[in-house]
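Colleague: So that you have it, the file is protein-v8.txt, and it contains compact mmCIF, C-alpha atoms and all ligand atoms:
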# COMPACT_ATOMS: atom_id res chain seq x y z
CA MET N 984 -27.77 -1.23 -39.52
CA GLY N 985 -24.98 -1.97 -37.06
CA LYS N 986 -25.28 -4.50 -34.28
CA TYR N 987 -27.01 -3.04 -31.19
CA ILE N 988 -24.52 -2.36 -28.40
CA ILE N 989 -25.23 -0.86 -24.98
CA ALA N 990 -21.97 0.05 -23.25
CA GLY N 991 -21.56 1.45 -19.76
CA ASN N 992 -18.84 3.99 -19.14
CA TRP N 993 -18.11 3.87 -15.43
CA LYS N 994 -15.61 6.76 -15.68
CA MET N 995 -13.72 7.17 -12.36
CA ASN N 996 -16.35 5.34 -10.30
CA LYS N 997 -16.51 2.08 -8.37
CA LEU N 998 -13.71 0.32 -6.50
CA PRO N 999 -11.90 -2.84 -7.58
CA SER N 1000 -13.33 -4.53 -4.46
CA GLU N 1001 -16.94 -3.85 -5.54
CA THR N 1002 -16.46 -4.63 -9.24
CA TYR N 1003 -16.88 -8.42 -9.25
CA ASP N 1004 -20.25 -8.31 -7.47
CA PHE N 1005 -21.49 -5.37 -9.53
CA VAL N 1006 -20.66 -7.03 -12.85
CA LYS N 1007 -22.40 -10.20 -11.61
CA GLU N 1008 -25.43 -7.99 -10.86
CA VAL N 1009 -25.31 -6.61 -14.41
CA VAL N 1010 -25.06 -10.16 -15.80
CA GLU N 1011 -28.17 -11.20 -13.85
CA ALA N 1012 -30.15 -8.05 -14.62
CA THR N 1013 -29.46 -8.22 -18.37
CA LYS N 1014 -30.07 -11.94 -18.92
CA GLY N 1015 -31.84 -12.50 -22.22
CA ALA N 1016 -30.45 -9.26 -23.69
CA GLU N 1017 -31.02 -8.93 -27.41
CA CYS N 1018 -28.02 -6.63 -27.83
CA GLU N 1019 -24.34 -6.71 -26.93
CA VAL N 1020 -23.81 -5.59 -23.32
CA VAL N 1021 -20.48 -4.00 -22.38
CA CYS N 1022 -19.11 -2.60 -19.11
CA CYS N 1023 -16.18 -0.21 -19.61
CA THR N 1024 -14.37 0.13 -16.31
CA PRO N 1025 -11.35 1.93 -14.81
CA TYR N 1026 -8.09 0.06 -15.44
CA VAL N 1027 -7.86 -1.22 -11.87
CA CYS N 1028 -11.35 -2.75 -12.09
CA LEU N 1029 -10.73 -4.63 -15.34
CA ALA N 1030 -9.36 -7.87 -13.86
CA PRO N 1031 -12.29 -8.50 -11.49
CA ALA N 1032 -14.72 -7.35 -14.19
CA VAL N 1033 -13.32 -9.85 -16.71
CA GLU N 1034 -13.44 -12.57 -14.06
CA ALA N 1035 -17.10 -11.86 -13.26
CA ALA N 1036 -18.10 -11.69 -16.94
CA LYS N 1037 -16.27 -14.88 -17.95
CA GLY N 1038 -18.63 -17.34 -19.67
CA THR N 1039 -21.51 -14.82 -19.70
CA HIS N 1040 -23.02 -12.55 -22.38
CA VAL N 1041 -21.40 -9.42 -20.84
CA LYS N 1042 -18.20 -8.05 -22.41
CA ILE N 1043 -15.64 -5.83 -20.70
CA GLY N 1044 -14.05 -2.67 -22.06
CA ALA N 1045 -11.40 -0.17 -20.95
CA GLU N 1046 -11.83 3.60 -20.98
CA ASN N 1047 -8.55 4.41 -22.73
CA LEU N 1048 -5.27 2.92 -23.96
CA HIS N 1049 -1.88 4.13 -25.18
CA PHE N 1050 -1.06 4.00 -28.88
CA GLU N 1051 2.48 2.64 -28.46
CA ASP N 1052 3.14 -1.08 -28.02
CA SER N 1053 5.39 -0.83 -24.94
CA GLY N 1054 8.30 1.10 -23.49
CA ALA N 1055 9.05 4.19 -21.43
CA PHE N 1056 5.53 5.56 -20.98
CA THR N 1057 5.13 5.72 -17.23
CA GLY N 1058 1.57 5.31 -16.07
CA GLU N 1059 0.24 4.17 -19.45
CA ILE N 1060 -1.54 0.96 -20.49
CA SER N 1061 -1.07 -0.76 -23.85
CA ALA N 1062 -3.49 -2.59 -26.14
CA ASP N 1063 -1.57 -5.83 -25.54
CA MET N 1064 -2.04 -5.47 -21.78
CA LEU N 1065 -5.80 -5.02 -22.22
CA ALA N 1066 -6.14 -7.91 -24.67
CA ASP N 1067 -4.05 -10.14 -22.41
CA LEU N 1068 -6.50 -9.51 -19.56
CA GLY N 1069 -9.47 -10.52 -21.72
CA VAL N 1070 -10.72 -7.01 -22.41
CA GLU N 1071 -12.62 -6.76 -25.73
CA TYR N 1072 -13.64 -3.10 -26.11
CA VAL N 1073 -11.94 0.23 -25.49
CA ILE N 1074 -13.40 3.74 -25.39
CA ILE N 1075 -11.27 6.17 -27.40
CA GLY N 1076 -11.48 9.96 -27.54
CA HIS N 1077 -14.09 10.54 -24.86
CA SER N 1078 -14.75 14.28 -24.59
CA GLU N 1079 -13.50 14.27 -20.98
CA ARG N 1080 -10.13 12.92 -22.19
CA ARG N 1081 -10.12 15.43 -25.04
CA ALA N 1082 -10.78 18.21 -22.50
CA TYR N 1083 -8.53 17.14 -19.60
CA ASN N 1084 -5.88 14.81 -21.06
CA ASN N 1085 -4.71 16.43 -24.30
CA GLU N 1086 -6.50 13.87 -26.47
CA THR N 1087 -6.55 15.12 -30.07
CA ASP N 1088 -8.00 13.81 -33.34
CA GLU N 1089 -4.46 12.63 -34.14
CA THR N 1090 -3.99 10.61 -30.92
CA VAL N 1091 -7.52 9.27 -31.31
CA ASN N 1092 -6.59 7.98 -34.77
CA LYS N 1093 -3.36 6.37 -33.52
CA LYS N 1094 -5.27 4.66 -30.71
CA ILE N 1095 -7.98 3.35 -33.07
CA VAL N 1096 -5.35 1.91 -35.43
CA LYS N 1097 -3.51 0.27 -32.51
CA ALA N 1098 -6.66 -1.13 -30.91
CA LEU N 1099 -7.83 -2.67 -34.19
CA SER N 1100 -4.40 -4.19 -34.85
CA LYS N 1101 -4.62 -5.96 -31.48
CA GLY N 1102 -8.19 -7.20 -31.93
CA LEU N 1103 -9.82 -4.69 -29.56
CA ILE N 1104 -13.07 -3.01 -30.66
CA PRO N 1105 -12.78 0.77 -30.39
CA ILE N 1106 -15.75 2.83 -29.20
CA VAL N 1107 -14.82 6.17 -30.72
CA CYS N 1108 -16.45 9.26 -29.22
CA VAL N 1109 -17.26 12.35 -31.28
CA GLY N 1110 -19.42 15.32 -30.43
CA GLU N 1111 -19.84 19.07 -30.37
CA SER N 1112 -19.88 21.66 -27.59
CA LEU N 1113 -22.92 23.85 -26.97
CA GLU N 1114 -21.14 26.83 -28.59
CA GLU N 1115 -20.40 24.76 -31.69
CA ARG N 1116 -24.04 23.60 -31.90
CA GLU N 1117 -25.28 27.16 -31.52
CA ALA N 1118 -22.87 28.32 -34.21
CA GLY N 1119 -24.45 25.79 -36.59
CA ILE N 1120 -21.22 23.88 -37.21
CA THR N 1121 -22.11 20.55 -35.59
CA MET N 1122 -21.98 18.41 -38.73
CA ASP N 1123 -18.85 20.13 -40.09
CA LEU N 1124 -17.06 19.42 -36.84
CA ILE N 1125 -18.28 15.81 -36.65
CA ALA N 1126 -17.16 15.25 -40.26
CA ILE N 1127 -13.65 16.42 -39.36
CA GLN N 1128 -13.57 14.23 -36.23
CA ILE N 1129 -14.76 11.16 -38.18
CA LYS N 1130 -12.41 11.66 -41.14
CA LYS N 1131 -9.39 12.13 -38.88
CA ALA N 1132 -10.39 9.23 -36.61
CA PHE N 1133 -10.68 6.78 -39.52
CA ALA N 1134 -7.53 7.91 -41.41
CA GLY N 1135 -5.65 4.84 -42.64
CA VAL N 1136 -8.34 2.41 -41.42
CA SER N 1137 -9.40 -0.14 -44.06
CA ALA N 1138 -13.07 -0.70 -44.87
CA GLU N 1139 -12.85 -4.17 -43.32
CA ASP N 1140 -11.55 -2.71 -40.04
CA ALA N 1141 -13.87 0.32 -40.15
CA ALA N 1142 -16.88 -2.01 -40.10
CA LYS N 1143 -15.74 -3.26 -36.66
CA VAL N 1144 -15.57 0.22 -35.10
CA VAL N 1145 -18.29 1.59 -32.84
CA VAL N 1146 -18.92 5.34 -33.11
CA ALA N 1147 -20.52 7.06 -30.13
CA TYR N 1148 -22.13 10.42 -30.88
CA GLU N 1149 -21.87 12.30 -27.60
CA PRO N 1150 -22.85 15.97 -27.63
CA ILE N 1151 -20.64 17.45 -24.93
CA TRP N 1152 -23.48 19.60 -23.61
CA ALA N 1153 -25.50 16.45 -22.88
CA ILE N 1154 -22.87 14.47 -20.97
CA GLY N 1155 -23.53 14.24 -17.26
CA THR N 1156 -25.82 17.27 -17.43
CA GLY N 1157 -29.19 15.55 -17.47
CA LYS N 1158 -29.79 17.48 -20.72
CA THR N 1159 -30.37 14.82 -23.41
CA ALA N 1160 -30.41 15.59 -27.12
CA THR N 1161 -33.94 15.15 -28.45
CA ASP N 1162 -34.58 11.93 -30.34
CA ASP N 1163 -34.59 13.91 -33.59
CA GLN N 1164 -31.39 15.86 -32.80
CA ALA N 1165 -29.58 12.61 -32.00
CA GLU N 1166 -30.94 10.85 -35.09
CA GLU N 1167 -29.96 13.75 -37.33
CA VAL N 1168 -26.31 13.56 -36.29
CA CYS N 1169 -26.15 9.73 -36.16
CA GLY N 1170 -27.64 9.60 -39.68
CA GLY N 1171 -25.13 12.25 -40.73
CA ILE N 1172 -22.29 10.12 -39.34
CA ARG N 1173 -23.53 7.17 -41.38
CA ASN N 1174 -23.52 9.34 -44.52
CA ILE N 1175 -19.96 10.50 -43.81
CA LEU N 1176 -18.87 6.86 -43.43
CA ALA N 1177 -20.64 5.92 -46.67
CA ALA N 1178 -18.75 8.69 -48.47
CA LEU N 1179 -15.44 7.67 -46.88
CA TYR N 1180 -15.96 3.95 -47.56
CA ASP N 1181 -19.18 2.55 -49.06
CA GLU N 1182 -22.83 1.94 -48.09
CA ALA N 1183 -22.23 -1.59 -46.78
CA THR N 1184 -19.42 -0.47 -44.47
CA ALA N 1185 -21.47 2.48 -43.22
CA LYS N 1186 -24.40 0.19 -42.46
CA ALA N 1187 -22.17 -2.27 -40.59
CA VAL N 1188 -20.83 0.36 -38.18
CA THR N 1189 -22.63 0.53 -34.84
CA ILE N 1190 -23.51 4.15 -34.10
CA GLN N 1191 -24.40 4.87 -30.49
CA TYR N 1192 -25.88 7.94 -28.85
CA GLY N 1193 -24.42 9.01 -25.51
CA GLY N 1194 -25.34 11.91 -23.23
CA SER N 1195 -27.64 11.54 -20.24
CA MET N 1196 -29.35 8.49 -21.75
CA ASN N 1197 -31.31 6.86 -18.96
CA ALA N 1198 -34.08 4.38 -18.18
CA LYS N 1199 -36.75 7.01 -18.94
CA ASN N 1200 -35.55 8.48 -22.24
CA CYS N 1201 -33.83 5.46 -23.83
CA ALA N 1202 -36.79 3.98 -25.70
CA GLY N 1203 -37.34 6.98 -27.99
CA LEU N 1204 -33.65 7.36 -28.78
CA LEU N 1205 -33.09 3.65 -29.44
CA ALA N 1206 -36.13 3.47 -31.72
CA LYS N 1207 -34.45 5.82 -34.19
CA GLU N 1208 -33.20 4.29 -37.42
CA ASN N 1209 -29.55 5.31 -37.13
CA ILE N 1210 -29.10 4.87 -33.37
CA ASP N 1211 -27.75 1.37 -32.79
CA GLY N 1212 -27.19 1.60 -29.06
CA GLY N 1213 -25.92 3.83 -26.31
CA LEU N 1214 -22.82 4.80 -24.37
CA ILE N 1215 -24.13 5.23 -20.86
CA GLY N 1216 -22.37 7.11 -18.07
CA GLY N 1217 -24.33 7.79 -14.88
CA ALA N 1218 -27.10 5.29 -15.56
CA SER N 1219 -24.57 2.45 -16.00
CA LEU N 1220 -23.67 2.64 -12.31
CA LYS N 1221 -27.03 1.21 -11.21
CA ALA N 1222 -27.68 -2.29 -12.57
CA PRO N 1223 -31.50 -1.97 -12.77
CA ASP N 1224 -31.29 1.33 -14.75
CA PHE N 1225 -28.63 -0.10 -17.04
CA ALA N 1226 -30.75 -3.23 -17.55
CA THR N 1227 -33.78 -1.13 -18.54
CA ILE N 1228 -31.71 0.52 -21.26
CA VAL N 1229 -30.39 -2.87 -22.41
CA ALA N 1230 -33.96 -4.19 -22.60
CA ALA N 1231 -34.94 -1.24 -24.83
CA ALA N 1232 -32.20 -2.08 -27.37
CA LYS N 1233 -33.52 -4.64 -29.79
C1 LIG N 1301 -20.51 9.36 -21.08
O1 LIG N 1301 -19.71 9.73 -20.26
O2 LIG N 1301 -20.12 8.73 -22.08
C2 LIG N 1301 -21.92 9.67 -20.87
C3 LIG N 1301 -22.75 9.53 -21.85
O3 LIG N 1301 -22.26 10.10 -19.61
P1 LIG N 1301 -23.76 10.37 -19.05
O4 LIG N 1301 -24.62 9.22 -19.53
O5 LIG N 1301 -23.62 10.40 -17.58
O6 LIG N 1301 -24.20 11.66 -19.65
Let me see whether you can do it: turn the structure in this file into structure tokens.
Ligand code: PEP

Modeller:
Amino acid sequence: MGKYIIAGNWKMNKLPSETYDFVKEVVEATKGAECEVVCCTPYVCLAPAVEAAKGTHVKIGAENLHFEDSGAFTGEISADMLADLGVEYVIIGHSERRAYNNETDETVNKKIVKALSKGLIPIVCVGESLEEREAGITMDLIAIQIKKAFAGVSAEDAAKVVVAYEPIWAIGTGKTATDDQAEEVCGGIRNILAALYDEATAKAVTIQYGGSMNAKNCAGLLAKENIDGGLIGGASLKAPDFATIVAAAK
């Protein structure tokens, strides 16, 4: 299955002035990690984060990017700007951006294509709301999100993408999907990718679970066959908790 990746999503937390020391703390706490360790930080924290992670096993990611190369897009950040800083990953289509920033399956697709063309690894978020789960349409919705996200992406590029299954009802709520619920959807995502591409490509894709994953519940989730890591919000803000999750991913 895909390479194990534990990625922190700091969201709108931590100051640039505290970033260097915190990333150094993560580096120390996760020494000997048997998975890829990523800290995705606010734009203004990226430079000190990259500086602190330089020469270590920790990689740095952004939480968004714009799909155009450059130009009159006030307030936006391009893939080239991120790559130039030394950023290696970028979260795309987080449910908070879909809810508050007009992110759509179409903009998600444009951003994935742009990120891949600039050598950035996209962490693409998909997931259903509680109403959608209760209506029994979770997998139909995820299939649409995945198909639209990967439109025009070659098999070679698709294998580099990280998919994060994040049920919206589990994000920041303390309400985690059960191990079996998470595995069912992550396995379903792998089947969708196999149908879109082929078995080898589907196996190469890292599929993460995200949604209130923490030091206590991570072991069961990460032991599941189709869960190759986690996208971690709240628990990524405390180095010891984040390190416990990293240690469980092997
Ligand atoms: C997230 O925002 O991607 C996330 C999973 O958050 P939390 O772990 O806090 O639920």

Colleague: Check the smallest atom-to-atom distance from each of N:Val1107, N:Val1144, N:Val1091, N:Ala1198 to Gly1217 (chain N) using all atoms listed in the file, then report the winner.

Modeller: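 The answer is N:Ala1198, which sits nearest to Gly1217 (chain N).
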
Colleague: Which residues of region 1061-1100 of chain N have any atom within 10 Å of an atom in region 1017-1024 of chain N when counting all atoms listed in the file, and what is the closest pair of atoms for each, with the distance in Å to one decimal? Order the rows by chain and rising number and write it as a tab-separated table.

Modeller:
residue	atom	partner	partner_atom	distance
N:Val1070	CA	N:Cys1023	CA	9.2
N:Glu1071	CA	N:Val1021	CA	9.0
N:Tyr1072	CA	N:Cys1023	CA	7.6
N:Val1073	CA	N:Cys1023	CA	7.3
N:Ile1074	CA	N:Cys1023	CA	7.5

Colleague: Kindly compile the residues surrounding ligand LIG 1301 (chain N) within 10 Å, counting only C-alpha atoms and all ligand atoms, and format them as number ranges by chain.

Modeller: N: 990-994, 1046, 1074, 1077-1079, 1108, 1147-1159, 1191-1197, 1213-1220

Colleague: Residues around (-24.8, -2.9, -30.0), cut-off 6 Å, counting only C-alpha atoms - what are they as a list in words?

Modeller: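 Those within range, by chain then number, are Lys986, Tyr987, Ile988, Ile989, Cys1018, Glu1019, Asp1211 and Gly1212 of chain N.
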
Colleague: Please indicate the distance in Å from CA of Leu1029 (chain N) to CA of Glu1001 (chain N), rounded to one decimal place.

Modeller: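 Pair CA of Leu1029 (chain N) / CA of Glu1001 (chain N) returns 11.6 Å.
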
Colleague: Looking at only C-alpha atoms, which of N:Met995, N:Ala1012, N:Val1109, N:Ala1036 is the one that sits closest to Asp1123 (chain N)?

Modeller: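 Looking only at the distances to Asp1123 (chain N), the closest residue turns out to be N:Val1109.
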
Colleague: What separation in Å, quoted to one decimal, exists between CA of Asp1063 (chain N) and CA of Asn1092 (chain N)?

Modeller: 17.4 Å

Colleague: Using all atoms listed in the file, which of N:Gly1054, N:Ala1206, N:Val1010, N:Pro999 sits nearest Cys1028 (chain N)?

Modeller: N:Pro999

Colleague: Excluding Asp1162 (chain N) and its own-chain neighbours fewer than 5 positions away, which residues fall within 12 Å of it when counting only C-alpha atoms? Please give them as a compact mmCIF listing (two decimals) with C-alpha atoms, keeping the file's coordinate frame.

Modeller:
# COMPACT_ATOMS: atom_id res chain seq x y z
CA GLU N 1167 -29.96 13.75 -37.33
CA VAL N 1168 -26.31 13.56 -36.29
CA CYS N 1169 -26.15 9.73 -36.16
CA GLY N 1170 -27.64 9.60 -39.68
CA TYR N 1192 -25.88 7.94 -28.85
CA GLY N 1193 -24.42 9.01 -25.51
CA GLY N 1194 -25.34 11.91 -23.23
CA MET N 1196 -29.35 8.49 -21.75
CA ASN N 1200 -35.55 8.48 -22.24
CA CYS N 1201 -33.83 5.46 -23.83
CA ALA N 1202 -36.79 3.98 -25.70
CA GLY N 1203 -37.34 6.98 -27.99
CA LEU N 1204 -33.65 7.36 -28.78
CA LEU N 1205 -33.09 3.65 -29.44
CA ALA N 1206 -36.13 3.47 -31.72
CA LYS N 1207 -34.45 5.82 -34.19
CA GLU N 1208 -33.20 4.29 -37.42
CA ASN N 1209 -29.55 5.31 -37.13
CA ILE N 1210 -29.10 4.87 -33.37

Colleague: To one decimal in Å, tell me the separation between CA of Ile1120 (chain N) and CA of Ala1183 (chain N).

Modeller: 27.2 Å
